[in-house]
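Each remark here refers to the structure printed beneath this line.
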Amino acid sequence: MASIADKVFMGSLILMMVAVVVSGIGFQFVNWKSQVTNELEGETQTSSNRKKSVMDRQDKSLKRIGRSYLFWIALAGMLISIGLSYLSK
């Protein structure tokens, strides 16, 4: 029972990582600095505008992750595996 719980947890963890990359951040980290610079070309390049742009992007990413079914399935799998590990003790 414990080995099943471990496998379910690891599978759920992998699924959660996939969900975060696909739904949330995507592949923004590859050219993140150039994207922020491109978005701010028309605005003044002040520090507060740059920080606001980054915070807005992060907020949108978190909202997409929260709406992702893969994320919630992975979270449920983790909770089930924790329950299974407690039952096996």
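By order in the structure tokens, chains are A, B, ...; within a chain, residues start at 1; ligands start at 1, following the order shown.
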
Near segment 3-24 of chain A, 9 Å: segment 38-83 of chain A residue rows, closest pairs, only C-alpha atoms, as a Markdown table:
| residue | atom | partner | partner_atom | distance |
| --- | --- | --- | --- | --- |
| A:Gln58 | CA | A:Gly24 | CA | 8.7 |
| A:Lys60 | CA | A:Gly24 | CA | 8.0 |
| A:Ser61 | CA | A:Gly24 | CA | 4.5 |
| A:Leu62 | CA | A:Gly24 | CA | 6.2 |
| A:Lys63 | CA | A:Gly24 | CA | 7.9 |
| A:Arg64 | CA | A:Gly24 | CA | 5.6 |
| A:Ile65 | CA | A:Gly24 | CA | 5.0 |
| A:Gly66 | CA | A:Gly24 | CA | 8.7 |
| A:Arg67 | CA | A:Ser23 | CA | 8.5 |
| A:Ser68 | CA | A:Ser23 | CA | 6.5 |
| A:Tyr69 | CA | A:Ala19 | CA | 8.3 |
| A:Leu70 | CA | A:Ala19 | CA | 5.5 |
| A:Phe71 | CA | A:Met16 | CA | 5.4 |
| A:Trp72 | CA | A:Met16 | CA | 8.4 |
| A:Ile73 | CA | A:Ser12 | CA | 7.8 |
| A:Ala74 | CA | A:Ser12 | CA | 4.5 |
| A:Leu75 | CA | A:Ser12 | CA | 7.0 |
| A:Ala76 | CA | A:Ser12 | CA | 8.2 |
| A:Gly77 | CA | A:Ser12 | CA | 5.5 |
| A:Met78 | CA | A:Phe9 | CA | 5.1 |
| A:Leu79 | CA | A:Phe9 | CA | 8.3 |
| A:Ile80 | CA | A:Ala5 | CA | 7.9 |
| A:Ser81 | CA | A:Ala5 | CA | 4.5 |
| A:Ile82 | CA | A:Ala5 | CA | 7.0 |
| A:Gly83 | CA | A:Ala5 | CA | 8.2 |

Any chance you can output those residues with N, CA and C atoms as an mmCIF file, in the first residue's frame?
data_model
loop_
_atom_site.group_PDB
_atom_site.id
_atom_site.type_symbol
_atom_site.label_atom_id
_atom_site.label_comp_id
_atom_site.auth_asym_id
_atom_site.auth_seq_id
_atom_site.Cartn_x
_atom_site.Cartn_y
_atom_site.Cartn_z
ATOM 1 N N GLN A 58 2.687 37.807 -13.709
ATOM 2 C CA GLN A 58 2.647 36.744 -12.715
ATOM 3 C C GLN A 58 1.227 36.489 -12.230
ATOM 4 N N LYS A 60 -1.530 36.919 -13.960
ATOM 5 C CA LYS A 60 -2.229 36.206 -15.023
ATOM 6 C C LYS A 60 -1.823 34.740 -15.052
ATOM 7 N N SER A 61 -0.545 34.465 -14.813
ATOM 8 C CA SER A 61 -0.071 33.082 -14.797
ATOM 9 C C SER A 61 -0.712 32.293 -13.662
ATOM 10 N N LEU A 62 -0.812 32.909 -12.487
ATOM 11 C CA LEU A 62 -1.431 32.224 -11.355
ATOM 12 C C LEU A 62 -2.913 31.958 -11.594
ATOM 13 N N LYS A 63 -3.592 32.884 -12.244
ATOM 14 C CA LYS A 63 -5.011 32.677 -12.554
ATOM 15 C C LYS A 63 -5.186 31.521 -13.527
ATOM 16 N N ARG A 64 -4.286 31.425 -14.523
ATOM 17 C CA ARG A 64 -4.375 30.317 -15.470
ATOM 18 C C ARG A 64 -4.117 28.987 -14.789
ATOM 19 N N ILE A 65 -3.172 28.953 -13.851
ATOM 20 C CA ILE A 65 -2.888 27.716 -13.127
ATOM 21 C C ILE A 65 -4.099 27.313 -12.290
ATOM 22 N N GLY A 66 -4.733 28.277 -11.640
ATOM 23 C CA GLY A 66 -5.905 27.987 -10.806
ATOM 24 C C GLY A 66 -7.080 27.456 -11.599
ATOM 25 N N ARG A 67 -7.173 27.810 -12.875
ATOM 26 C CA ARG A 67 -8.268 27.323 -13.714
ATOM 27 C C ARG A 67 -7.932 26.010 -14.421
ATOM 28 N N SER A 68 -6.725 25.528 -14.261
ATOM 29 C CA SER A 68 -6.282 24.331 -14.962
ATOM 30 C C SER A 68 -6.810 23.067 -14.289
ATOM 31 N N TYR A 69 -7.415 22.199 -15.095
ATOM 32 C CA TYR A 69 -7.899 20.921 -14.574
ATOM 33 C C TYR A 69 -6.743 20.012 -14.184
ATOM 34 N N LEU A 70 -5.653 20.068 -14.929
ATOM 35 C CA LEU A 70 -4.490 19.234 -14.604
ATOM 36 C C LEU A 70 -3.956 19.542 -13.216
ATOM 37 N N PHE A 71 -3.944 20.811 -12.854
ATOM 38 C CA PHE A 71 -3.456 21.204 -11.539
ATOM 39 C C PHE A 71 -4.324 20.616 -10.440
ATOM 40 N N TRP A 72 -5.640 20.698 -10.599
ATOM 41 C CA TRP A 72 -6.544 20.197 -9.562
ATOM 42 C C TRP A 72 -6.538 18.673 -9.501
ATOM 43 N N ILE A 73 -6.378 18.009 -10.640
ATOM 44 C CA ILE A 73 -6.258 16.550 -10.638
ATOM 45 C C ILE A 73 -4.983 16.131 -9.918
ATOM 46 N N ALA A 74 -3.888 16.835 -10.176
ATOM 47 C CA ALA A 74 -2.621 16.535 -9.511
ATOM 48 C C ALA A 74 -2.720 16.772 -8.012
ATOM 49 N N LEU A 75 -3.373 17.848 -7.616
ATOM 50 C CA LEU A 75 -3.537 18.137 -6.188
ATOM 51 C C LEU A 75 -4.387 17.059 -5.512
ATOM 52 N N ALA A 76 -5.454 16.629 -6.184
ATOM 53 C CA ALA A 76 -6.297 15.564 -5.634
ATOM 54 C C ALA A 76 -5.504 14.263 -5.519
ATOM 55 N N GLY A 77 -4.676 13.971 -6.509
ATOM 56 C CA GLY A 77 -3.832 12.775 -6.449
ATOM 57 C C GLY A 77 -2.865 12.809 -5.289
ATOM 58 N N MET A 78 -2.309 13.977 -5.024
ATOM 59 C CA MET A 78 -1.403 14.107 -3.884
ATOM 60 C C MET A 78 -2.135 13.876 -2.565
ATOM 61 N N LEU A 79 -3.322 14.441 -2.447
ATOM 62 C CA LEU A 79 -4.092 14.254 -1.220
ATOM 63 C C LEU A 79 -4.504 12.789 -1.044
ATOM 64 N N ILE A 80 -4.864 12.129 -2.126
ATOM 65 C CA ILE A 80 -5.211 10.713 -2.057
ATOM 66 C C ILE A 80 -3.995 9.887 -1.632
ATOM 67 N N SER A 81 -2.833 10.200 -2.179
ATOM 68 C CA SER A 81 -1.635 9.444 -1.807
ATOM 69 C C SER A 81 -1.252 9.675 -0.353
ATOM 70 N N ILE A 82 -1.470 10.877 0.149
ATOM 71 C CA ILE A 82 -1.208 11.133 1.569
ATOM 72 C C ILE A 82 -2.166 10.317 2.421
ATOM 73 N N GLY A 83 -3.434 10.276 2.010
ATOM 74 C CA GLY A 83 -4.402 9.452 2.731
ATOM 75 C C GLY A 83 -4.047 7.980 2.696
#
